[in-house]
Amino acid sequence: MEGAVVHREVRLKTAGVVLDGLLALPHQCRALVLFAHGSGSSRFSPRNRLVAERLNAAGIGTLLFDLLTADESRIDDVTREFRFNIPLLARRLLGAIDWAGGEVDTQALYLGLFGSSTGAAAALLAAAERPRRVAALVSRGGRPDLAGPALSKVRAPTLLIVGGEDRQVLTLNREAAQQMTGAVRLETIPGASHLFEEPGTLDMVIRLVSDWFAQHLQQH
């Protein structure tokens, strides 16, 4: 049925662990966006769930999944030792990319990555590792600087979105963008802080995200 979205819970075996995820596929969608959460977040992040719902409404599939196991999340809540382990997070995301490539209902879809906070760095590392698989990337309030040398290897068109009041992260994004040799655009949301909690700012983010993925994933 046109406009219908099929939702199902999935379990991803990746990098030696099993991660829980939520897959949503609109009718006859041609693209899938994988979400890389960061800084202690999960597949239940209300902001990312809202972004996913808007993408689904635009005909783009989404996969929200936990980058950490339940045990790791409990440890990370206290020690924060996993959320900044970018290579570990990137390996988990690469596993999810490969998982999508092996599933009957997702293997033919164009792939995009959406990363927030430290998850954005993991997304950039994964995009650098899978240049033929990842077709577009968006970072929301992300830390692309943590991707290090991988920045210059990213070929997917990349959109960096940062709050205008999130000044330290904005500076880090500007510096990271200068290190990227592929197509990159930095968008600043006026009056927005790191979490885009100010009225109307998250809606601005969602419009930018939807337009970027529509442009780079649905026009192949």
# chains A, B, ... in the order shown; residues from 1 in each chain; ligands from 1
>>> residues_around(residues="Leu32 in chain A", least_positions_apart="4", cutoff="9 Å", atoms="only C-alpha atoms", output="number ranges by chain")
A: 24-25, 60-63, 100, 106, 109-113, 217
>>> write_last_selection(atoms="C-alpha atoms", output="PDB file, in the first residue's frame")
ATOM      1  CA  ALA A  24      11.483   0.780   9.035  1.00  0.00           C
ATOM      2  CA  LEU A  25      10.898   0.379   5.298  1.00  0.00           C
ATOM      3  CA  ILE A  60      13.357   6.657   2.892  1.00  0.00           C
ATOM      4  CA  GLY A  61      13.972   3.579   5.024  1.00  0.00           C
ATOM      5  CA  THR A  62      15.751   3.786   8.382  1.00  0.00           C
ATOM      6  CA  LEU A  63      17.683   1.495  10.704  1.00  0.00           C
ATOM      7  CA  ALA A 100      22.066  -4.516   5.313  1.00  0.00           C
ATOM      8  CA  THR A 106      17.694  -4.033   2.080  1.00  0.00           C
ATOM      9  CA  LEU A 109      18.941  -0.021  -1.338  1.00  0.00           C
ATOM     10  CA  TYR A 110      21.233   2.987  -1.575  1.00  0.00           C
ATOM     11  CA  LEU A 111      22.797   3.600   1.833  1.00  0.00           C
ATOM     12  CA  GLY A 112      23.158   6.781   3.845  1.00  0.00           C
ATOM     13  CA  LEU A 113      24.610   7.300   7.320  1.00  0.00           C
ATOM     14  CA  LEU A 217      20.012   8.842  -2.224  1.00  0.00           C
TER      15      LEU A 217
END
>>> select_by_dssp(residues="chain A", states="strand (DSSP E or B)", output="ChimeraX atom specification")
/A:5-14,17-26,31-36,61-65,110-116,134-140,158-163,184-189
>>> select_by_dssp(residues="range 21-144 of chain A", states="helix (DSSP H, G or I)", output="PDB file with N, CA and C atoms, in the first residue's frame")
ATOM      1  N   PRO A  46      14.791  10.070  21.333  1.00  0.00           N
ATOM      2  CA  PRO A  46      13.595  10.739  20.804  1.00  0.00           C
ATOM      3  C   PRO A  46      13.901  11.645  19.612  1.00  0.00           C
ATOM      4  N   ARG A  47      15.058  12.297  19.613  1.00  0.00           N
ATOM      5  CA  ARG A  47      15.398  13.171  18.487  1.00  0.00           C
ATOM      6  C   ARG A  47      15.644  12.360  17.224  1.00  0.00           C
ATOM      7  N   ASN A  48      16.395  11.288  17.347  1.00  0.00           N
ATOM      8  CA  ASN A  48      16.667  10.479  16.170  1.00  0.00           C
ATOM      9  C   ASN A  48      15.429   9.715  15.710  1.00  0.00           C
ATOM     10  N   ARG A  49      14.576   9.344  16.643  1.00  0.00           N
ATOM     11  CA  ARG A  49      13.321   8.691  16.241  1.00  0.00           C
ATOM     12  C   ARG A  49      12.461   9.652  15.417  1.00  0.00           C
ATOM     13  N   LEU A  50      12.461  10.923  15.818  1.00  0.00           N
ATOM     14  CA  LEU A  50      11.696  11.923  15.074  1.00  0.00           C
ATOM     15  C   LEU A  50      12.278  12.130  13.680  1.00  0.00           C
ATOM     16  N   VAL A  51      13.604  12.191  13.593  1.00  0.00           N
ATOM     17  CA  VAL A  51      14.250  12.312  12.286  1.00  0.00           C
ATOM     18  C   VAL A  51      13.891  11.107  11.417  1.00  0.00           C
ATOM     19  N   ALA A  52      13.944   9.914  12.006  1.00  0.00           N
ATOM     20  CA  ALA A  52      13.628   8.689  11.266  1.00  0.00           C
ATOM     21  C   ALA A  52      12.194   8.697  10.756  1.00  0.00           C
ATOM     22  N   GLU A  53      11.263   9.139  11.578  1.00  0.00           N
ATOM     23  CA  GLU A  53       9.860   9.190  11.168  1.00  0.00           C
ATOM     24  C   GLU A  53       9.664  10.120   9.977  1.00  0.00           C
ATOM     25  N   ARG A  54      10.350  11.259  10.000  1.00  0.00           N
ATOM     26  CA  ARG A  54      10.236  12.199   8.881  1.00  0.00           C
ATOM     27  C   ARG A  54      10.861  11.614   7.611  1.00  0.00           C
ATOM     28  N   LEU A  55      11.966  10.907   7.757  1.00  0.00           N
ATOM     29  CA  LEU A  55      12.571  10.265   6.592  1.00  0.00           C
ATOM     30  C   LEU A  55      11.648   9.185   6.034  1.00  0.00           C
ATOM     31  N   ASN A  56      11.026   8.411   6.929  1.00  0.00           N
ATOM     32  CA  ASN A  56      10.075   7.394   6.480  1.00  0.00           C
ATOM     33  C   ASN A  56       8.921   8.020   5.706  1.00  0.00           C
ATOM     34  N   ALA A  57       8.439   9.164   6.201  1.00  0.00           N
ATOM     35  CA  ALA A  57       7.349   9.863   5.532  1.00  0.00           C
ATOM     36  C   ALA A  57       7.764  10.345   4.141  1.00  0.00           C
ATOM     37  N   ALA A  70      23.785  -4.105  25.963  1.00  0.00           N
ATOM     38  CA  ALA A  70      23.180  -3.634  27.210  1.00  0.00           C
ATOM     39  C   ALA A  70      24.219  -3.539  28.326  1.00  0.00           C
ATOM     40  N   ASP A  71      25.087  -4.539  28.424  1.00  0.00           N
ATOM     41  CA  ASP A  71      26.136  -4.518  29.459  1.00  0.00           C
ATOM     42  C   ASP A  71      27.105  -3.367  29.239  1.00  0.00           C
ATOM     43  N   GLU A  72      27.499  -3.152  27.993  1.00  0.00           N
ATOM     44  CA  GLU A  72      28.414  -2.052  27.688  1.00  0.00           C
ATOM     45  C   GLU A  72      27.778  -0.707  28.003  1.00  0.00           C
ATOM     46  N   SER A  73      26.494  -0.588  27.721  1.00  0.00           N
ATOM     47  CA  SER A  73      25.794   0.672  28.000  1.00  0.00           C
ATOM     48  C   SER A  73      25.767   0.977  29.489  1.00  0.00           C
ATOM     49  N   ARG A  74      25.549  -0.058  30.297  1.00  0.00           N
ATOM     50  CA  ARG A  74      25.545   0.139  31.750  1.00  0.00           C
ATOM     51  C   ARG A  74      26.918   0.595  32.243  1.00  0.00           C
ATOM     52  N   ILE A  75      27.966  -0.005  31.711  1.00  0.00           N
ATOM     53  CA  ILE A  75      29.320   0.403  32.091  1.00  0.00           C
ATOM     54  C   ILE A  75      29.600   1.825  31.611  1.00  0.00           C
ATOM     55  N   ASP A  76      29.194   2.120  30.373  1.00  0.00           N
ATOM     56  CA  ASP A  76      29.472   3.422  29.781  1.00  0.00           C
ATOM     57  C   ASP A  76      28.750   4.552  30.506  1.00  0.00           C
ATOM     58  N   ASP A  77      27.584   4.250  31.073  1.00  0.00           N
ATOM     59  CA  ASP A  77      26.851   5.273  31.835  1.00  0.00           C
ATOM     60  C   ASP A  77      27.686   5.785  33.012  1.00  0.00           C
ATOM     61  N   VAL A  78      28.560   4.923  33.520  1.00  0.00           N
ATOM     62  CA  VAL A  78      29.396   5.288  34.668  1.00  0.00           C
ATOM     63  C   VAL A  78      30.771   5.781  34.233  1.00  0.00           C
ATOM     64  N   THR A  79      31.386   5.046  33.309  1.00  0.00           N
ATOM     65  CA  THR A  79      32.786   5.320  32.963  1.00  0.00           C
ATOM     66  C   THR A  79      32.959   6.146  31.691  1.00  0.00           C
ATOM     67  N   ILE A  86      35.999   5.408  19.163  1.00  0.00           N
ATOM     68  CA  ILE A  86      35.502   5.562  17.801  1.00  0.00           C
ATOM     69  C   ILE A  86      35.791   4.343  16.924  1.00  0.00           C
ATOM     70  N   PRO A  87      36.986   3.747  16.979  1.00  0.00           N
ATOM     71  CA  PRO A  87      37.217   2.543  16.172  1.00  0.00           C
ATOM     72  C   PRO A  87      36.235   1.418  16.484  1.00  0.00           C
ATOM     73  N   LEU A  88      35.904   1.233  17.771  1.00  0.00           N
ATOM     74  CA  LEU A  88      34.927   0.205  18.152  1.00  0.00           C
ATOM     75  C   LEU A  88      33.558   0.518  17.565  1.00  0.00           C
ATOM     76  N   LEU A  89      33.106   1.768  17.713  1.00  0.00           N
ATOM     77  CA  LEU A  89      31.801   2.155  17.183  1.00  0.00           C
ATOM     78  C   LEU A  89      31.762   2.018  15.661  1.00  0.00           C
ATOM     79  N   ALA A  90      32.869   2.364  15.010  1.00  0.00           N
ATOM     80  CA  ALA A  90      32.925   2.257  13.547  1.00  0.00           C
ATOM     81  C   ALA A  90      32.842   0.798  13.104  1.00  0.00           C
ATOM     82  N   ARG A  91      33.499  -0.100  13.846  1.00  0.00           N
ATOM     83  CA  ARG A  91      33.422  -1.526  13.497  1.00  0.00           C
ATOM     84  C   ARG A  91      31.990  -2.031  13.607  1.00  0.00           C
ATOM     85  N   ARG A  92      31.282  -1.585  14.631  1.00  0.00           N
ATOM     86  CA  ARG A  92      29.888  -1.999  14.796  1.00  0.00           C
ATOM     87  C   ARG A  92      29.036  -1.472  13.627  1.00  0.00           C
ATOM     88  N   LEU A  93      29.296  -0.223  13.235  1.00  0.00           N
ATOM     89  CA  LEU A  93      28.538   0.367  12.133  1.00  0.00           C
ATOM     90  C   LEU A  93      28.862  -0.326  10.812  1.00  0.00           C
ATOM     91  N   LEU A  94      30.129  -0.652  10.602  1.00  0.00           N
ATOM     92  CA  LEU A  94      30.505  -1.398   9.405  1.00  0.00           C
ATOM     93  C   LEU A  94      29.787  -2.744   9.356  1.00  0.00           C
ATOM     94  N   GLY A  95      29.643  -3.365  10.514  1.00  0.00           N
ATOM     95  CA  GLY A  95      28.908  -4.623  10.577  1.00  0.00           C
ATOM     96  C   GLY A  95      27.457  -4.446  10.175  1.00  0.00           C
ATOM     97  N   ALA A  96      26.869  -3.317  10.585  1.00  0.00           N
ATOM     98  CA  ALA A  96      25.478  -3.036  10.222  1.00  0.00           C
ATOM     99  C   ALA A  96      25.347  -2.773   8.720  1.00  0.00           C
ATOM    100  N   ILE A  97      26.341  -2.083   8.148  1.00  0.00           N
ATOM    101  CA  ILE A  97      26.345  -1.852   6.699  1.00  0.00           C
ATOM    102  C   ILE A  97      26.390  -3.177   5.954  1.00  0.00           C
ATOM    103  N   ASP A  98      27.263  -4.058   6.402  1.00  0.00           N
ATOM    104  CA  ASP A  98      27.394  -5.365   5.758  1.00  0.00           C
ATOM    105  C   ASP A  98      26.132  -6.207   5.980  1.00  0.00           C
ATOM    106  N   TRP A  99      25.520  -6.070   7.162  1.00  0.00           N
ATOM    107  CA  TRP A  99      24.274  -6.782   7.435  1.00  0.00           C
ATOM    108  C   TRP A  99      23.191  -6.345   6.450  1.00  0.00           C
ATOM    109  N   ALA A 100      23.074  -5.035   6.243  1.00  0.00           N
ATOM    110  CA  ALA A 100      22.066  -4.516   5.313  1.00  0.00           C
ATOM    111  C   ALA A 100      22.327  -5.024   3.899  1.00  0.00           C
ATOM    112  N   GLY A 101      23.606  -5.198   3.563  1.00  0.00           N
ATOM    113  CA  GLY A 101      23.945  -5.700   2.241  1.00  0.00           C
ATOM    114  C   GLY A 101      23.635  -7.172   2.048  1.00  0.00           C
ATOM    115  N   GLY A 102      23.368  -7.874   3.141  1.00  0.00           N
ATOM    116  CA  GLY A 102      23.078  -9.300   3.061  1.00  0.00           C
ATOM    117  C   GLY A 102      21.621  -9.658   3.259  1.00  0.00           C
ATOM    118  N   THR A 118      29.433  11.577  19.024  1.00  0.00           N
ATOM    119  CA  THR A 118      30.566  10.732  18.655  1.00  0.00           C
ATOM    120  C   THR A 118      30.210   9.727  17.568  1.00  0.00           C
ATOM    121  N   GLY A 119      28.917   9.438  17.416  1.00  0.00           N
ATOM    122  CA  GLY A 119      28.481   8.543  16.347  1.00  0.00           C
ATOM    123  C   GLY A 119      28.798   9.094  14.965  1.00  0.00           C
ATOM    124  N   ALA A 120      28.897  10.419  14.839  1.00  0.00           N
ATOM    125  CA  ALA A 120      29.242  11.021  13.555  1.00  0.00           C
ATOM    126  C   ALA A 120      30.655  10.647  13.139  1.00  0.00           C
ATOM    127  N   ALA A 121      31.573  10.603  14.108  1.00  0.00           N
ATOM    128  CA  ALA A 121      32.946  10.198  13.803  1.00  0.00           C
ATOM    129  C   ALA A 121      32.984   8.749  13.341  1.00  0.00           C
ATOM    130  N   ALA A 122      32.202   7.897  13.998  1.00  0.00           N
ATOM    131  CA  ALA A 122      32.122   6.492  13.594  1.00  0.00           C
ATOM    132  C   ALA A 122      31.558   6.376  12.183  1.00  0.00           C
ATOM    133  N   ALA A 123      30.558   7.203  11.855  1.00  0.00           N
ATOM    134  CA  ALA A 123      29.966   7.186  10.518  1.00  0.00           C
ATOM    135  C   ALA A 123      30.986   7.590   9.460  1.00  0.00           C
ATOM    136  N   LEU A 124      31.803   8.586   9.767  1.00  0.00           N
ATOM    137  CA  LEU A 124      32.825   9.025   8.818  1.00  0.00           C
ATOM    138  C   LEU A 124      33.881   7.946   8.601  1.00  0.00           C
ATOM    139  N   LEU A 125      34.283   7.273   9.675  1.00  0.00           N
ATOM    140  CA  LEU A 125      35.224   6.162   9.528  1.00  0.00           C
ATOM    141  C   LEU A 125      34.633   5.054   8.674  1.00  0.00           C
ATOM    142  N   ALA A 126      33.372   4.736   8.913  1.00  0.00           N
ATOM    143  CA  ALA A 126      32.714   3.676   8.156  1.00  0.00           C
ATOM    144  C   ALA A 126      32.571   4.063   6.683  1.00  0.00           C
ATOM    145  N   ALA A 127      32.234   5.328   6.423  1.00  0.00           N
ATOM    146  CA  ALA A 127      32.105   5.794   5.044  1.00  0.00           C
ATOM    147  C   ALA A 127      33.443   5.719   4.320  1.00  0.00           C
ATOM    148  N   ALA A 128      34.530   6.022   5.027  1.00  0.00           N
ATOM    149  CA  ALA A 128      35.859   5.930   4.430  1.00  0.00           C
ATOM    150  C   ALA A 128      36.217   4.483   4.099  1.00  0.00           C
ATOM    151  N   GLU A 129      35.716   3.544   4.914  1.00  0.00           N
ATOM    152  CA  GLU A 129      35.999   2.121   4.701  1.00  0.00           C
ATOM    153  C   GLU A 129      35.120   1.489   3.615  1.00  0.00           C
ATOM    154  N   PRO A 144      33.102  15.307  14.070  1.00  0.00           N
ATOM    155  CA  PRO A 144      33.864  14.764  12.938  1.00  0.00           C
ATOM    156  C   PRO A 144      35.361  14.817  13.154  1.00  0.00           C
TER     157      PRO A 144
END
>>> closest_residue(among="A:Arg83, A:Arg8, A:Lys13, A:His27", to="Leu64 in chain A", atoms="only C-alpha atoms")
A:Arg8
>>> closest_residue(among="A:Ala135, A:Met180, A:Ile161, A:Leu186", to="His216 in chain A", atoms="only C-alpha atoms")
A:Ala135
